[in-house]
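Structure, as C-alpha cells:
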Amino acid sequence: MEHRWDAGITAAGEQPPADLLAAVAEELIALWNDLAEAMRRAGAQSWTVECDGLVVRIVMLSRLTSATPWEWIPASLLTSGAYQGILQSAGITFAAPSLDEIHDPNLARRPVLSRRGPQTGGR
C-alpha cells in the first residue's frame with residue numbers, strides 16, 4: 001500500500017453506485033452509527049458539536065429521501081429515544097419501533113448494513 005487511504009479507495013470501487021437512493025440510504029445508516037459512536041464518546045456530556053453536525057447531515061439526507069428504518073439504527077439511539085426524537089423534531093415521517101421491539105434482547109445482535117457488508121453486533 002502506497003498511501004494510508006488506499007484501502008478506502010479500493011473499498012469504494014472504481015464505479016460510483018448505480019442507484020443514488022441506495023447510496024444515500026447506506027450513507028444514512030453510517031451516519032446514524034457515527035452519531036451513536038459520537039454520543040458514546042461524549043460520555044456524561046452526551047451531546048457535542050460533532051453530534052450536531054451529524055444530525056444536520058442525517059436530517060438533510062432524510063428529507064431528500066426518507067427515514068432510515070429503525071431496524072438499521074443502533075440500539076442505543078432507540079433506547080435513548082434519540083432516533084425517534086430527531087426525526088419527530090425534524091418533521092420526518094418514520095415507523096417507530098414498539099417498546100417491546102426496543103427492549104428485545106436480540107436487538108444488539110441483528111445484522112448491521114455497512115459499506116463493508118452485513119455485520120453483527122456493534123449496533
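Starting from 1 in every chain, residues are counted up; chains themselves are A, B, ... following the order of the C-alpha cells, and ligands are numbered from 1 as listed.
The list of residues with at least one atom within 10 Å of Val49 of chain A, based on only C-alpha atoms and without residues fewer than 6 positions apart in the same chain, reads Ala38, Ala42 and Val55 of chain A.
Shell of segment 15-26 of chain A at 7 Å, with only C-alpha atoms counted and residues fewer than 2 places along the chain excluded, is Gly13, Leu28, Ile29, Ala30, Thr68 and Ser114 of chain A.
Between Ala95 of chain A and the candidates A:Tyr83, A:Leu61, A:Trp32, A:Glu2, the tightest atom-to-atom separation, counting only C-alpha atoms, involves A:Tyr83.
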*Do you know which residues are at most 10 Å from Cys51 of chain A counting only C-alpha atoms, after dropping those on the same chain fewer than 5 positions away, and could you put them as a VMD selection string?*
chain A and resid 34 to 39 42 46 56
*helix (DSSP H, G or I) call set, DSSP backbone run, chain A, as JSON, numbers by chain*: {"A": [6, 7, 8, 9, 10, 11, 12, 20, 21, 22, 23, 24, 25, 26, 27, 28, 29, 30, 31, 32, 33, 34, 35, 36, 37, 38, 39, 40, 41, 42, 43, 44, 45, 49, 50, 51, 52, 53, 54, 55, 56, 57, 58, 59, 60, 61, 62, 63, 64, 70, 71, 72, 75, 76, 77, 78, 79, 82, 83, 84, 85, 86, 87, 88, 89, 99, 100, 101, 102, 107, 108, 109]}
Print the selection's residues with C-alpha atoms to a file, as an mmCIF file, in the first residue's frame.
data_model
loop_
_atom_site.group_PDB
_atom_site.id
_atom_site.type_symbol
_atom_site.label_atom_id
_atom_site.label_comp_id
_atom_site.auth_asym_id
_atom_site.auth_seq_id
_atom_site.Cartn_x
_atom_site.Cartn_y
_atom_site.Cartn_z
ATOM 1 C CA ASP A 6 -5.608 3.240 -0.429
ATOM 2 C CA ALA A 7 -7.755 0.603 1.317
ATOM 3 C CA GLY A 8 -10.664 3.072 1.441
ATOM 4 C CA ILE A 9 -10.270 3.874 -2.246
ATOM 5 C CA THR A 10 -10.246 0.160 -3.070
ATOM 6 C CA ALA A 11 -13.348 -0.465 -0.925
ATOM 7 C CA ALA A 12 -15.198 2.330 -2.729
ATOM 8 C CA LEU A 20 -28.167 7.122 -5.893
ATOM 9 C CA LEU A 21 -31.061 6.476 -3.483
ATOM 10 C CA ALA A 22 -29.448 3.232 -2.338
ATOM 11 C CA ALA A 23 -26.147 5.051 -1.832
ATOM 12 C CA VAL A 24 -27.902 7.709 0.273
ATOM 13 C CA ALA A 25 -29.691 5.026 2.316
ATOM 14 C CA GLU A 26 -26.368 3.342 3.037
ATOM 15 C CA GLU A 27 -24.799 6.684 3.975
ATOM 16 C CA LEU A 28 -27.675 7.384 6.372
ATOM 17 C CA ILE A 29 -27.079 4.052 8.101
ATOM 18 C CA ALA A 30 -23.421 5.002 8.509
ATOM 19 C CA LEU A 31 -24.358 8.466 9.836
ATOM 20 C CA TRP A 32 -26.719 7.010 12.456
ATOM 21 C CA ASN A 33 -23.923 4.671 13.556
ATOM 22 C CA ASP A 34 -21.499 7.596 13.652
ATOM 23 C CA LEU A 35 -23.980 9.519 15.825
ATOM 24 C CA ALA A 36 -24.240 6.624 18.286
ATOM 25 C CA GLU A 37 -20.451 6.488 18.497
ATOM 26 C CA ALA A 38 -20.171 10.278 18.926
ATOM 27 C CA MET A 39 -22.710 10.177 21.743
ATOM 28 C CA ARG A 40 -20.801 7.329 23.378
ATOM 29 C CA ARG A 41 -17.557 9.324 23.196
ATOM 30 C CA ALA A 42 -19.332 12.378 24.649
ATOM 31 C CA GLY A 43 -19.937 10.395 27.845
ATOM 32 C CA ALA A 44 -21.677 12.311 30.625
ATOM 33 C CA GLN A 45 -21.857 15.373 28.382
ATOM 34 C CA VAL A 49 -20.811 19.834 18.271
ATOM 35 C CA GLU A 50 -19.893 16.620 16.428
ATOM 36 C CA CYS A 51 -23.364 15.252 17.251
ATOM 37 C CA ASP A 52 -24.950 18.452 15.918
ATOM 38 C CA GLY A 53 -23.046 18.110 12.657
ATOM 39 C CA LEU A 54 -24.128 14.511 12.221
ATOM 40 C CA VAL A 55 -27.773 15.408 12.904
ATOM 41 C CA VAL A 56 -27.613 18.140 10.244
ATOM 42 C CA ARG A 57 -26.436 15.585 7.694
ATOM 43 C CA ILE A 58 -28.961 12.948 8.818
ATOM 44 C CA VAL A 59 -31.868 15.382 8.588
ATOM 45 C CA MET A 60 -30.840 16.822 5.223
ATOM 46 C CA LEU A 61 -30.440 13.389 3.612
ATOM 47 C CA SER A 62 -33.605 12.021 5.254
ATOM 48 C CA ARG A 63 -35.589 14.945 3.874
ATOM 49 C CA LEU A 64 -34.226 14.191 0.395
ATOM 50 C CA TRP A 70 -35.398 1.636 12.791
ATOM 51 C CA GLU A 71 -34.061 -1.890 12.254
ATOM 52 C CA TRP A 72 -30.830 -0.331 10.936
ATOM 53 C CA ALA A 75 -29.877 0.094 19.822
ATOM 54 C CA SER A 76 -28.507 2.918 21.983
ATOM 55 C CA LEU A 77 -30.266 5.506 19.782
ATOM 56 C CA LEU A 78 -33.551 3.618 20.021
ATOM 57 C CA THR A 79 -33.472 3.100 23.782
ATOM 58 C CA ALA A 82 -32.636 9.952 20.050
ATOM 59 C CA TYR A 83 -33.687 8.350 16.737
ATOM 60 C CA GLN A 84 -37.370 8.988 17.370
ATOM 61 C CA GLY A 85 -36.790 12.492 18.757
ATOM 62 C CA ILE A 86 -34.565 13.678 15.916
ATOM 63 C CA LEU A 87 -36.933 12.539 13.189
ATOM 64 C CA GLN A 88 -40.017 13.794 15.016
ATOM 65 C CA SER A 89 -38.427 17.213 15.680
ATOM 66 C CA LEU A 99 -41.280 -0.698 23.361
ATOM 67 C CA ASP A 100 -41.167 -4.494 23.040
ATOM 68 C CA GLU A 101 -39.065 -4.184 19.895
ATOM 69 C CA ILE A 102 -36.730 -1.638 21.503
ATOM 70 C CA LEU A 107 -31.730 -6.155 19.109
ATOM 71 C CA ALA A 108 -27.985 -5.754 19.561
ATOM 72 C CA ARG A 109 -27.331 -8.938 17.570
#
_Taking only segment 2-123 of chain A into account, list the residues labelled strand (DSSP E) by DSSP (computed from the backbone), as JSON, numbers by chain._
{"A": [111, 112, 119, 120]}
Output N, CA, C and O atoms for every residue in the selection just made, as a PDB file, in the first residue's frame.
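The resulting file, result-v6.pdb, is shown below:
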ATOM      1  N   PRO A 111     -28.223  -8.045  12.239  1.00  0.00           N
ATOM      2  CA  PRO A 111     -27.204  -7.621  11.269  1.00  0.00           C
ATOM      3  C   PRO A 111     -27.244  -6.111  11.059  1.00  0.00           C
ATOM      4  O   PRO A 111     -28.292  -5.494  11.087  1.00  0.00           O
ATOM      5  N   VAL A 112     -26.072  -5.550  10.866  1.00  0.00           N
ATOM      6  CA  VAL A 112     -25.939  -4.123  10.586  1.00  0.00           C
ATOM      7  C   VAL A 112     -25.429  -3.984   9.165  1.00  0.00           C
ATOM      8  O   VAL A 112     -24.430  -4.592   8.796  1.00  0.00           O
ATOM      9  N   GLN A 119     -22.823  -7.051   9.093  1.00  0.00           N
ATOM     10  CA  GLN A 119     -22.036  -7.374  10.270  1.00  0.00           C
ATOM     11  C   GLN A 119     -23.022  -7.632  11.392  1.00  0.00           C
ATOM     12  O   GLN A 119     -24.171  -7.291  11.296  1.00  0.00           O
ATOM     13  N   THR A 120     -22.558  -8.204  12.476  1.00  0.00           N
ATOM     14  CA  THR A 120     -23.414  -8.381  13.633  1.00  0.00           C
ATOM     15  C   THR A 120     -22.819  -7.652  14.807  1.00  0.00           C
ATOM     16  O   THR A 120     -21.621  -7.382  14.847  1.00  0.00           O
TER      17      THR A 120
END
